[in-house]
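Enquirer: This is the content of final-v6.tsv (TSV, C-alpha atoms and all ligand atoms):
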chain	number	residue	atom	x	y	z
A	1	MET	CA	5.04	17.80	3.23
A	2	LYS	CA	6.72	15.27	0.98
A	3	LEU	CA	7.08	11.74	2.36
A	4	SER	CA	10.77	11.85	1.52
A	5	GLU	CA	11.14	14.69	4.07
A	6	ILE	CA	9.15	12.77	6.69
A	7	LEU	CA	11.24	9.66	6.05
A	8	GLU	CA	14.41	11.68	6.40
A	9	LYS	CA	13.35	12.97	9.82
A	10	LYS	CA	11.92	9.80	11.28
A	11	LYS	CA	13.52	6.52	12.22
A	12	HIS	CA	10.34	4.79	11.08
A	13	THR	CA	6.86	5.85	10.03
A	14	PHE	CA	3.45	4.27	10.42
A	15	SER	CA	0.55	4.91	8.10
A	16	PHE	CA	-2.89	3.71	7.06
A	17	GLU	CA	-4.34	2.79	3.70
A	18	TYR	CA	-8.00	3.45	2.84
A	19	PHE	CA	-10.00	2.73	-0.29
A	20	PRO	CA	-12.97	4.75	-1.60
A	21	PRO	CA	-16.25	3.17	-0.44
A	22	LYS	CA	-18.80	2.32	-3.11
A	23	THR	CA	-21.99	3.07	-1.15
A	24	GLU	CA	-23.41	5.90	0.96
A	25	LYS	CA	-23.45	3.53	3.96
A	26	GLY	CA	-19.78	2.74	3.35
A	27	ILE	CA	-18.91	6.44	3.25
A	28	VAL	CA	-20.59	7.09	6.61
A	29	LYS	CA	-18.92	4.03	8.17
A	30	GLN	CA	-15.52	5.07	6.80
A	31	GLU	CA	-15.81	8.55	8.29
A	32	LYS	CA	-15.94	7.01	11.77
A	33	VAL	CA	-12.96	4.77	10.97
A	34	ILE	CA	-10.90	7.73	9.75
A	35	GLU	CA	-11.84	9.74	12.84
A	36	SER	CA	-10.79	7.04	15.28
A	37	LEU	CA	-7.54	6.17	13.47
A	38	ASP	CA	-6.65	9.84	13.08
A	39	GLU	CA	-6.35	10.05	16.88
A	40	LEU	CA	-3.28	7.81	16.58
A	41	ASN	CA	-1.51	10.53	14.55
A	42	PRO	CA	-0.28	8.47	11.60
A	43	ASP	CA	2.59	9.93	9.57
A	44	PHE	CA	0.48	9.66	6.44
A	45	VAL	CA	-2.73	8.16	5.12
A	46	SER	CA	-3.17	6.75	1.64
A	47	VAL	CA	-5.99	6.42	-0.87
A	48	THR	CA	-6.12	3.59	-3.40
A	49	PHE	CA	-7.06	4.06	-7.07
A	50	GLY	CA	-9.15	1.55	-9.01
A	51	ALA	CA	-7.53	-0.30	-11.90
A	52	GLY	CA	-8.22	1.40	-15.22
A	53	GLY	CA	-9.38	4.54	-13.40
A	54	SER	CA	-12.53	2.79	-12.14
A	55	SER	CA	-12.58	4.68	-8.81
A	56	LYS	CA	-11.32	8.03	-10.10
A	57	GLU	CA	-14.09	10.18	-8.59
A	58	GLY	CA	-14.30	8.21	-5.34
A	59	SER	CA	-10.52	8.35	-4.87
A	60	TYR	CA	-10.52	12.10	-5.45
A	61	GLU	CA	-13.38	12.65	-2.97
A	62	LEU	CA	-11.67	10.53	-0.33
A	63	ALA	CA	-8.30	12.26	-0.83
A	64	LYS	CA	-10.05	15.64	-0.53
A	65	LYS	CA	-11.79	14.57	2.68
A	66	LEU	CA	-8.54	13.28	4.22
A	67	GLN	CA	-6.72	16.43	3.17
A	68	GLU	CA	-9.39	18.64	4.77
A	69	LYS	CA	-10.27	16.66	7.86
A	70	THR	CA	-7.06	15.08	9.09
A	71	ASP	CA	-3.65	16.45	10.03
A	72	SER	CA	-1.84	13.63	8.27
A	73	GLU	CA	-0.07	13.91	4.95
A	74	VAL	CA	-2.11	12.34	2.15
A	75	LEU	CA	-0.60	9.87	-0.28
A	76	ALA	CA	-2.74	9.40	-3.39
A	77	TYR	CA	-2.21	6.25	-5.45
A	78	LEU	CA	-2.48	6.44	-9.20
A	79	THR	CA	-2.69	3.50	-11.59
A	80	CYS	CA	-1.73	4.09	-15.21
A	81	TYR	CA	-2.79	1.06	-17.25
A	82	GLY	CA	-5.96	1.80	-19.24
A	83	LEU	CA	-5.76	5.58	-18.83
A	84	SER	CA	-4.71	8.01	-21.55
A	85	GLN	CA	-1.84	10.33	-20.69
A	86	LYS	CA	-4.30	13.24	-20.80
A	87	GLU	CA	-6.44	11.52	-18.16
A	88	ILE	CA	-3.34	10.93	-16.04
A	89	HIS	CA	-2.42	14.62	-16.26
A	90	ASN	CA	-5.99	15.55	-15.30
A	91	VAL	CA	-5.88	13.34	-12.20
A	92	LEU	CA	-2.44	14.65	-11.21
A	93	SER	CA	-3.50	18.28	-11.69
A	94	SER	CA	-6.62	17.74	-9.58
A	95	TYR	CA	-4.52	16.23	-6.79
A	96	GLN	CA	-1.98	19.02	-7.10
A	97	ASP	CA	-4.80	21.58	-6.75
A	98	LEU	CA	-5.80	19.89	-3.49
A	99	GLY	CA	-2.26	20.44	-2.24
A	100	ILE	CA	-1.30	16.76	-2.41
A	101	GLU	CA	2.44	16.32	-2.82
A	102	ASN	CA	2.69	12.52	-2.66
A	103	ILE	CA	1.77	9.94	-5.29
A	104	LEU	CA	2.25	6.16	-5.37
A	105	ALA	CA	2.81	5.37	-9.04
A	106	ILE	CA	1.45	1.94	-9.93
A	107	ARG	CA	0.52	0.11	-13.09
A	108	GLY	CA	-2.71	-1.42	-11.77
A	109	ASP	CA	-4.04	-4.82	-12.65
A	110	ILE	CA	-5.57	-5.25	-16.05
A	111	PRO	CA	-9.34	-4.86	-15.43
A	112	GLU	CA	-11.21	-8.07	-16.34
A	113	ASP	CA	-14.15	-6.18	-17.84
A	114	MET	CA	-11.95	-4.06	-20.12
A	115	ASP	CA	-11.18	-5.37	-23.60
A	116	SER	CA	-8.20	-4.19	-25.60
A	117	SER	CA	-10.34	-1.88	-27.78
A	118	GLN	CA	-11.05	0.21	-24.64
A	119	ILE	CA	-7.37	0.75	-23.85
A	120	PRO	CA	-6.21	4.18	-25.09
A	121	GLY	CA	-3.39	3.99	-27.61
A	122	ASP	CA	-1.03	5.98	-25.40
A	123	SER	CA	-1.76	4.01	-22.21
A	124	PHE	CA	1.37	3.13	-20.29
A	125	SER	CA	2.17	-0.56	-19.88
A	126	TYR	CA	4.41	-0.32	-16.82
A	127	ALA	CA	4.65	1.78	-13.68
A	128	TYR	CA	8.14	3.10	-14.52
A	129	GLU	CA	6.59	5.14	-17.36
A	130	LEU	CA	4.24	6.81	-14.86
A	131	VAL	CA	7.11	7.57	-12.48
A	132	ASN	CA	8.92	9.17	-15.38
A	133	LEU	CA	5.90	11.29	-16.39
A	134	ILE	CA	5.33	12.56	-12.83
A	135	LYS	CA	8.97	13.31	-12.12
A	136	ASN	CA	9.34	15.23	-15.39
A	137	ASN	CA	6.20	17.32	-15.00
A	138	TYR	CA	5.29	17.75	-11.33
A	139	ASP	CA	7.03	18.70	-8.12
A	140	MET	CA	5.83	15.59	-6.34
A	141	CYS	CA	7.32	12.89	-4.18
A	142	VAL	CA	6.75	9.52	-5.86
A	143	GLY	CA	6.64	6.02	-4.40
A	144	VAL	CA	6.40	2.68	-6.15
A	145	ALA	CA	5.16	-0.82	-5.28
A	146	GLY	CA	7.55	-3.66	-4.41
A	147	TYR	CA	6.92	-7.37	-3.97
A	148	PRO	CA	8.85	-9.28	-1.27
A	149	GLU	CA	7.72	-12.61	-2.74
A	150	GLY	CA	8.00	-11.42	-6.35
A	151	HIS	CA	5.18	-10.00	-8.49
A	152	VAL	CA	2.79	-12.68	-9.77
A	153	GLU	CA	3.55	-11.91	-13.44
A	154	ALA	CA	7.32	-11.58	-13.05
A	155	PRO	CA	9.38	-14.30	-14.78
A	156	SER	CA	11.62	-14.53	-11.70
A	157	LYS	CA	12.35	-12.71	-8.43
A	158	GLU	CA	15.65	-11.53	-9.95
A	159	LYS	CA	13.91	-9.95	-12.97
A	160	ASP	CA	11.32	-8.38	-10.65
A	161	ILE	CA	14.09	-6.69	-8.64
A	162	GLU	CA	15.70	-5.51	-11.87
A	163	TYR	CA	12.40	-3.86	-12.87
A	164	LEU	CA	12.01	-2.38	-9.38
A	165	LYS	CA	15.49	-0.90	-9.68
A	166	TYR	CA	14.47	0.58	-13.02
A	167	LYS	CA	11.43	2.25	-11.41
A	168	VAL	CA	13.69	3.71	-8.73
A	169	ASP	CA	16.15	4.87	-11.39
A	170	GLN	CA	13.31	6.89	-12.97
A	171	GLY	CA	13.22	8.92	-9.76
A	172	ALA	CA	11.05	6.99	-7.29
A	173	ASP	CA	11.72	8.24	-3.77
A	174	TYR	CA	10.65	5.18	-1.78
A	175	VAL	CA	9.04	1.75	-2.11
A	176	ILE	CA	5.95	0.39	-0.36
A	177	ALA	CA	5.97	-3.40	-0.17
A	178	GLN	CA	3.07	-5.72	-0.76
A	179	PHE	CA	1.93	-7.41	2.48
A	180	PHE	CA	3.56	-10.67	3.60
A	181	TYR	CA	3.09	-13.01	6.55
A	182	ASP	CA	6.65	-14.31	6.82
A	183	ASN	CA	9.15	-11.62	7.81
A	184	ASP	CA	11.99	-13.65	6.30
A	185	ASP	CA	10.50	-12.95	2.87
A	186	PHE	CA	10.74	-9.22	3.60
A	187	PHE	CA	14.28	-9.40	5.01
A	188	ASP	CA	15.38	-11.42	1.97
A	189	PHE	CA	13.73	-8.78	-0.28
A	190	LEU	CA	15.59	-5.97	1.53
A	191	GLU	CA	18.86	-7.80	1.00
A	192	ARG	CA	18.18	-8.36	-2.70
A	193	CYS	CA	17.19	-4.70	-3.11
A	194	HIS	CA	20.36	-3.62	-1.36
A	195	LYS	CA	22.50	-5.85	-3.60
A	196	ALA	CA	20.74	-4.45	-6.68
A	197	GLY	CA	21.61	-0.89	-5.59
A	198	ILE	CA	18.11	0.14	-4.52
A	199	ASN	CA	18.90	2.58	-1.76
A	200	VAL	CA	15.59	4.41	-1.19
A	201	PRO	CA	13.53	3.69	1.97
A	202	ILE	CA	11.44	0.52	1.75
A	203	LEU	CA	8.25	0.45	3.82
A	204	ALA	CA	6.63	-2.83	4.87
A	205	GLY	CA	3.01	-3.56	3.99
A	206	VAL	CA	1.09	-4.91	6.96
A	207	MET	CA	-2.23	-6.73	6.52
A	208	PRO	CA	-3.71	-8.07	9.76
A	209	VAL	CA	-5.95	-11.12	9.20
A	210	TYR	CA	-9.51	-9.78	9.07
A	211	SER	CA	-11.37	-12.92	8.01
A	212	LEU	CA	-10.47	-16.27	6.51
A	213	ARG	CA	-12.34	-15.49	3.29
A	214	MET	CA	-10.41	-12.24	2.85
A	215	LEU	CA	-7.10	-13.88	3.77
A	216	TYR	CA	-7.44	-16.62	1.13
A	217	MET	CA	-8.75	-14.26	-1.53
A	218	LEU	CA	-6.05	-11.60	-1.06
A	219	THR	CA	-3.13	-14.00	-0.73
A	220	GLU	CA	-4.24	-15.83	-3.87
A	221	ASP	CA	-4.54	-12.54	-5.78
A	222	CYS	CA	-1.07	-11.29	-4.95
A	223	GLY	CA	0.74	-14.59	-4.47
A	224	ALA	CA	1.61	-14.07	-0.80
A	225	ALA	CA	2.32	-17.30	1.09
A	226	ILE	CA	0.51	-18.34	4.27
A	227	PRO	CA	3.28	-19.75	6.48
A	228	GLU	CA	2.80	-22.82	8.70
A	229	LYS	CA	2.87	-20.69	11.84
A	230	LEU	CA	-0.08	-18.64	10.64
A	231	LYS	CA	-1.96	-21.74	9.45
A	232	LYS	CA	-1.46	-23.41	12.84
A	233	GLY	CA	-2.66	-20.35	14.78
A	234	LEU	CA	-5.74	-20.09	12.57
A	235	SER	CA	-6.53	-23.79	12.96
A	236	GLU	CA	-6.74	-23.35	16.74
A	237	ILE	CA	-9.48	-20.71	16.53
A	238	PRO	CA	-13.02	-22.08	16.92
A	239	GLU	CA	-14.99	-21.90	13.68
A	240	ASP	CA	-17.25	-18.83	13.45
A	241	ASP	CA	-15.50	-17.10	16.37
A	242	THR	CA	-14.86	-13.91	14.40
A	243	GLU	CA	-13.82	-11.97	17.49
A	244	ALA	CA	-11.09	-14.49	18.33
A	245	LEU	CA	-9.94	-14.46	14.71
A	246	VAL	CA	-9.60	-10.66	14.64
A	247	GLU	CA	-7.80	-10.75	18.00
A	248	PHE	CA	-5.41	-13.39	16.68
A	249	GLY	CA	-4.89	-11.30	13.51
A	250	ILE	CA	-3.84	-8.33	15.65
A	251	GLU	CA	-1.44	-10.43	17.73
A	252	TYR	CA	0.13	-12.05	14.66
A	253	ALA	CA	0.61	-8.66	12.97
A	254	ALA	CA	1.98	-7.15	16.19
A	255	GLU	CA	4.55	-9.93	16.46
A	256	GLN	CA	5.55	-9.36	12.83
A	257	CYS	CA	5.81	-5.58	13.35
A	258	GLU	CA	7.77	-5.95	16.56
A	259	GLU	CA	10.47	-7.91	14.75
A	260	LEU	CA	10.39	-5.56	11.74
A	261	LEU	CA	10.89	-2.53	14.00
A	262	GLN	CA	13.67	-4.22	15.92
A	263	GLU	CA	15.39	-4.91	12.59
A	264	GLY	CA	15.10	-1.23	11.62
A	265	VAL	CA	12.22	-1.23	9.12
A	266	ARG	CA	11.71	2.30	7.68
A	267	GLY	CA	7.93	2.22	7.88
A	268	LEU	CA	4.82	0.15	8.58
A	269	HIS	CA	2.04	0.76	6.06
A	270	ILE	CA	-1.11	-0.78	7.48
A	271	TYR	CA	-3.81	-1.92	5.05
A	272	THR	CA	-6.94	-1.06	7.07
A	273	MET	CA	-9.54	-2.47	4.65
A	274	ASN	CA	-11.60	0.50	5.90
A	275	LYS	CA	-11.90	-1.05	9.37
A	276	SER	CA	-10.57	0.47	12.59
A	277	GLU	CA	-10.44	-2.36	15.15
A	278	SER	CA	-7.34	-4.20	13.91
A	279	ALA	CA	-5.33	-1.08	13.06
A	280	LEU	CA	-6.15	0.44	16.46
A	281	GLY	CA	-5.33	-2.80	18.27
A	282	LEU	CA	-2.05	-3.16	16.39
A	283	VAL	CA	-0.81	0.38	16.99
A	284	ARG	CA	-1.85	0.29	20.66
A	285	ASN	CA	-0.08	-3.04	21.10
A	286	LEU	CA	3.16	-1.64	19.62
A	287	ARG	CA	2.86	1.59	21.62
A	288	GLY	CA	2.30	-0.43	24.78
A	289	LYS	CA	5.72	-1.99	24.14
A	290	GLY	CA	7.26	1.44	23.48
A	291	LEU	CA	7.94	0.56	19.86
A	292	LEU	CA	5.95	3.23	18.00
B	1	LIG	P1	5.02	-2.69	-12.65
B	1	LIG	O1	6.09	-2.15	-11.77
B	1	LIG	O2	4.76	-2.00	-13.92
B	1	LIG	O3	5.23	-4.22	-12.83
B	1	LIG	C1	4.22	-5.06	-13.38
B	1	LIG	C2	4.84	-6.37	-13.87
B	1	LIG	O4	5.64	-6.13	-15.02
B	1	LIG	C3	5.77	-7.06	-12.86
B	1	LIG	O5	5.65	-8.44	-13.01
B	1	LIG	C4	7.16	-6.58	-13.26
B	1	LIG	O6	8.15	-7.54	-12.89
B	1	LIG	C5	7.01	-6.46	-14.78
B	1	LIG	N1	7.79	-5.35	-15.36
B	1	LIG	C6	8.03	-4.13	-14.82
B	1	LIG	N2	8.74	-3.39	-15.66
B	1	LIG	C7	8.94	-4.15	-16.78
B	1	LIG	C8	9.61	-3.92	-18.02
B	1	LIG	N3	10.25	-2.78	-18.28
B	1	LIG	N4	9.60	-4.93	-18.94
B	1	LIG	C9	8.97	-6.11	-18.71
B	1	LIG	N5	8.35	-6.37	-17.52
B	1	LIG	C10	8.32	-5.39	-16.59
B	1	LIG	N6	-3.69	-1.93	-7.72
B	1	LIG	C11	-4.74	-1.13	-8.02
B	1	LIG	O7	-5.44	-1.36	-9.00
B	1	LIG	N7	-5.02	-0.03	-7.24
B	1	LIG	C12	-4.29	0.32	-6.16
B	1	LIG	O8	-4.58	1.31	-5.51
B	1	LIG	C13	-3.17	-0.51	-5.83
B	1	LIG	N8	-2.36	-0.21	-4.79
B	1	LIG	C14	-1.26	-0.97	-4.52
B	1	LIG	C15	-0.42	-0.60	-3.47
B	1	LIG	C16	0.71	-1.35	-3.16
B	1	LIG	C17	1.61	-0.92	-2.03
B	1	LIG	C18	1.00	-2.52	-3.92
B	1	LIG	C19	2.19	-3.36	-3.58
B	1	LIG	C20	0.17	-2.90	-4.97
B	1	LIG	C21	-0.96	-2.13	-5.30
B	1	LIG	N9	-1.82	-2.46	-6.35
B	1	LIG	C22	-2.91	-1.66	-6.65
B	1	LIG	C23	-1.59	-3.67	-7.15
B	1	LIG	C24	-0.77	-3.39	-8.42
B	1	LIG	O9	-1.47	-2.53	-9.28
B	1	LIG	C25	-0.52	-4.73	-9.13
B	1	LIG	O10	0.31	-5.54	-8.37
B	1	LIG	C26	-0.03	-4.60	-10.57
B	1	LIG	O11	-0.20	-5.88	-11.19
B	1	LIG	C27	1.43	-4.24	-10.69
B	1	LIG	O12	1.64	-2.91	-10.43
B	1	LIG	P2	3.14	-2.30	-10.36
B	1	LIG	O13	3.02	-0.87	-10.20
B	1	LIG	O14	3.95	-3.07	-9.40
B	1	LIG	O15	3.59	-2.66	-11.87
As structure tokens, please, write out the structure in this file.

Expert:
Amino acid sequence: MKLSEILEKKKHTFSFEYFPPKTEKGIVKQEKVIESLDELNPDFVSVTFGAGGSSKEGSYELAKKLQEKTDSEVLAYLTCYGLSQKEIHNVLSSYQDLGIENILAIRGDIPEDMDSSQIPGDSFSYAYELVNLIKNNYDMCVGVAGYPEGHVEAPSKEKDIEYLKYKVDQGADYVIAQFFYDNDDFFDFLERCHKAGINVPILAGVMPVYSLRMLYMLTEDCGAAIPEKLKKGLSEIPEDDTEALVEFGIEYAAEQCEELLQEGVRGLHIYTMNKSESALGLVRNLRGKGLL
């Protein structure tokens, strides 16, 4: 089923993101994660796609496994920068053959180990071109990425919203937001989208804190701020108490999600980092409060 149909039927959705593991051990570990999170009945599960097509085979294998072994709809991501249009068509056809009807069309970051001579001449430069290609050639529901705090390369938040609007104008059916730790950034983003005439559902990205190293690395990469409240909570956790940190991460995310749901968010897309504990804890917490 297309996500647009699910979004039409449901007040809000919840979903999990997975990435293709790089090792045999990672594959076995991920199978257990998928099995335990599947019991929560997510509305959909998603599979990332490496920049420049670096995880093409792994993404396909994971999408196939999710399609065969879970009851959830599968959302396959596709990055376009560094891929020829023929390669893009090949990936889309292979997903279509699996029965996948949902694609998140993204540009992808420019891979550090790729020099310009390796970029095919007809590579797209922006995600809107990929949205356009999919909408003109495939019967698929297409989502795009949005950035509550602005994309790191965007000249301004205003310009970033203009470009997001352009992606939606090419036919994007919904937006999935980058994660954020201050809900006000998301509410402000929703308001700016609304003013710009972006009327498709906007799903919130939720990233529980998994470890300090990961938190600092990921927030630096995507430019997400770490608000004072989060810093203070983290400073009160004894050093090396990883269990307490994960527990705190679940509580912080649950508090964020509770407010988002109360304010009518259309969906919570949980970045699992291929781990089950935080996603399970978060969904159970929200269900315990009757919110999901
Ligand atoms: P675009 O929408 O193309 O925007 C890229 C930049 O160009 C922005 O700064 C934008 O403001 C600007 N821009 C857009 N259009 C124009 C235009 N017409 N003229 C001038 N400037 C323009 N990366 C991966 O590699 N794999 C993944 O699986 C992946 N999944 C993601 C999932 C989500 C939900 C999100 C939010 C991000 C994900 N990313 C992933 C990261 C993403 O690839 C990067 O953030 C990338 O740098 C931008 O991708 P985009 O699709 O937003 O690009």

Enquirer: Quick one: contact table of chain A to ligand LIG 1 (chain B), 6 Å max, nearest atom pair and distance in Å to one decimal per residue, counting only C-alpha atoms and all ligand atoms, chain and number order, as JSON lines?

Expert:
{"residue": "A:Thr48", "atom": "CA", "partner": "B:LIG1", "partner_atom": "O8", "distance": 3.5}
{"residue": "A:Phe49", "atom": "CA", "partner": "B:LIG1", "partner_atom": "O8", "distance": 4.0}
{"residue": "A:Gly50", "atom": "CA", "partner": "B:LIG1", "partner_atom": "O7", "distance": 4.7}
{"residue": "A:Ala51", "atom": "CA", "partner": "B:LIG1", "partner_atom": "O7", "distance": 3.7}
{"residue": "A:Tyr77", "atom": "CA", "partner": "B:LIG1", "partner_atom": "O8", "distance": 5.5}
{"residue": "A:Ile106", "atom": "CA", "partner": "B:LIG1", "partner_atom": "O13", "distance": 3.2}
{"residue": "A:Arg107", "atom": "CA", "partner": "B:LIG1", "partner_atom": "O13", "distance": 3.9}
{"residue": "A:Gly108", "atom": "CA", "partner": "B:LIG1", "partner_atom": "O9", "distance": 3.0}
{"residue": "A:Asp109", "atom": "CA", "partner": "B:LIG1", "partner_atom": "O11", "distance": 4.2}
{"residue": "A:Tyr126", "atom": "CA", "partner": "B:LIG1", "partner_atom": "O2", "distance": 3.4}
{"residue": "A:Ala127", "atom": "CA", "partner": "B:LIG1", "partner_atom": "O2", "distance": 3.8}
{"residue": "A:Ala145", "atom": "CA", "partner": "B:LIG1", "partner_atom": "C19", "distance": 4.3}
{"residue": "A:Gly146", "atom": "CA", "partner": "B:LIG1", "partner_atom": "C19", "distance": 5.4}
{"residue": "A:His151", "atom": "CA", "partner": "B:LIG1", "partner_atom": "O5", "distance": 4.8}
{"residue": "A:Glu153", "atom": "CA", "partner": "B:LIG1", "partner_atom": "O5", "distance": 4.1}
{"residue": "A:Ala154", "atom": "CA", "partner": "B:LIG1", "partner_atom": "O5", "distance": 3.6}
{"residue": "A:Asp160", "atom": "CA", "partner": "B:LIG1", "partner_atom": "O6", "distance": 4.0}
{"residue": "A:Tyr163", "atom": "CA", "partner": "B:LIG1", "partner_atom": "N2", "distance": 4.6}
{"residue": "A:Ile176", "atom": "CA", "partner": "B:LIG1", "partner_atom": "C17", "distance": 4.8}
{"residue": "A:Ala177", "atom": "CA", "partner": "B:LIG1", "partner_atom": "C19", "distance": 5.1}
{"residue": "A:Gln178", "atom": "CA", "partner": "B:LIG1", "partner_atom": "C19", "distance": 3.8}

Enquirer: From the list A:Ser123, A:Ser59, A:Thr79, A:Gln170, which residue is nearest A:Tyr95 when using only C-alpha atoms?

Expert: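 The closest residue to A:Tyr95 is A:Ser59.
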
Enquirer: So, with all atoms listed in the file as the atoms that count, which of A:Ala105, A:Cys193, A:Met214, A:Val206 lies closest to A:Ala172?

Expert: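 The answer is A:Ala105, which sits nearest to A:Ala172.
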
Enquirer: Can you pull out the residues contacting A:Glu258? Cut-off 12 Å, using all atoms listed in the file, and skip same-chain residues under 4 positions away; I want them as a ChimeraX atom specification.

Expert: /A:183,206,250-254,262-265,267-268,282-283,285-292

Enquirer: Find the residue from A:Lys167, A:Lys275, A:Lys157, A:Lys2 that sits nearest to A:Leu37; use all atoms listed in the file when measuring.

Expert: A:Lys275

Enquirer: What would stretch 28-41 of chain A look like with N, CA and C atoms restored, written as a PDB file, keeping the file's coordinate frame?

Expert:
ATOM      1  N   VAL A  28     -20.310   6.686   5.226  1.00  0.00           N
ATOM      2  CA  VAL A  28     -20.590   7.090   6.610  1.00  0.00           C
ATOM      3  C   VAL A  28     -19.753   6.242   7.578  1.00  0.00           C
ATOM      4  N   LYS A  29     -19.698   4.945   7.303  1.00  0.00           N
ATOM      5  CA  LYS A  29     -18.920   4.030   8.170  1.00  0.00           C
ATOM      6  C   LYS A  29     -17.430   4.412   8.133  1.00  0.00           C
ATOM      7  N   GLN A  30     -16.942   4.738   6.934  1.00  0.00           N
ATOM      8  CA  GLN A  30     -15.520   5.070   6.800  1.00  0.00           C
ATOM      9  C   GLN A  30     -15.164   6.348   7.559  1.00  0.00           C
ATOM     10  N   GLU A  31     -16.101   7.297   7.587  1.00  0.00           N
ATOM     11  CA  GLU A  31     -15.810   8.550   8.290  1.00  0.00           C
ATOM     12  C   GLU A  31     -15.462   8.289   9.753  1.00  0.00           C
ATOM     13  N   LYS A  32     -16.193   7.348  10.358  1.00  0.00           N
ATOM     14  CA  LYS A  32     -15.940   7.010  11.770  1.00  0.00           C
ATOM     15  C   LYS A  32     -14.579   6.324  11.919  1.00  0.00           C
ATOM     16  N   VAL A  33     -14.255   5.474  10.942  1.00  0.00           N
ATOM     17  CA  VAL A  33     -12.960   4.770  10.970  1.00  0.00           C
ATOM     18  C   VAL A  33     -11.820   5.795  10.887  1.00  0.00           C
ATOM     19  N   ILE A  34     -11.948   6.711   9.948  1.00  0.00           N
ATOM     20  CA  ILE A  34     -10.900   7.730   9.750  1.00  0.00           C
ATOM     21  C   ILE A  34     -10.741   8.559  11.033  1.00  0.00           C
ATOM     22  N   GLU A  35     -11.879   8.925  11.618  1.00  0.00           N
ATOM     23  CA  GLU A  35     -11.840   9.740  12.840  1.00  0.00           C
ATOM     24  C   GLU A  35     -11.109   9.009  13.972  1.00  0.00           C
ATOM     25  N   SER A  36     -11.422   7.740  14.152  1.00  0.00           N
ATOM     26  CA  SER A  36     -10.790   7.040  15.280  1.00  0.00           C
ATOM     27  C   SER A  36      -9.310   6.752  15.005  1.00  0.00           C
ATOM     28  N   LEU A  37      -8.960   6.454  13.748  1.00  0.00           N
ATOM     29  CA  LEU A  37      -7.540   6.170  13.470  1.00  0.00           C
ATOM     30  C   LEU A  37      -6.704   7.455  13.431  1.00  0.00           C
ATOM     31  N   ASP A  38      -7.363   8.567  13.121  1.00  0.00           N
ATOM     32  CA  ASP A  38      -6.650   9.840  13.080  1.00  0.00           C
ATOM     33  C   ASP A  38      -6.103  10.215  14.468  1.00  0.00           C
ATOM     34  N   GLU A  39      -6.806   9.750  15.506  1.00  0.00           N
ATOM     35  CA  GLU A  39      -6.350  10.050  16.880  1.00  0.00           C
ATOM     36  C   GLU A  39      -4.983   9.430  17.177  1.00  0.00           C
ATOM     37  N   LEU A  40      -4.594   8.449  16.374  1.00  0.00           N
ATOM     38  CA  LEU A  40      -3.280   7.810  16.580  1.00  0.00           C
ATOM     39  C   LEU A  40      -2.151   8.624  15.952  1.00  0.00           C
ATOM     40  N   ASN A  41      -2.518   9.673  15.206  1.00  0.00           N
ATOM     41  CA  ASN A  41      -1.510  10.530  14.550  1.00  0.00           C
ATOM     42  C   ASN A  41      -0.593   9.801  13.572  1.00  0.00           C
TER      43      ASN A  41
END
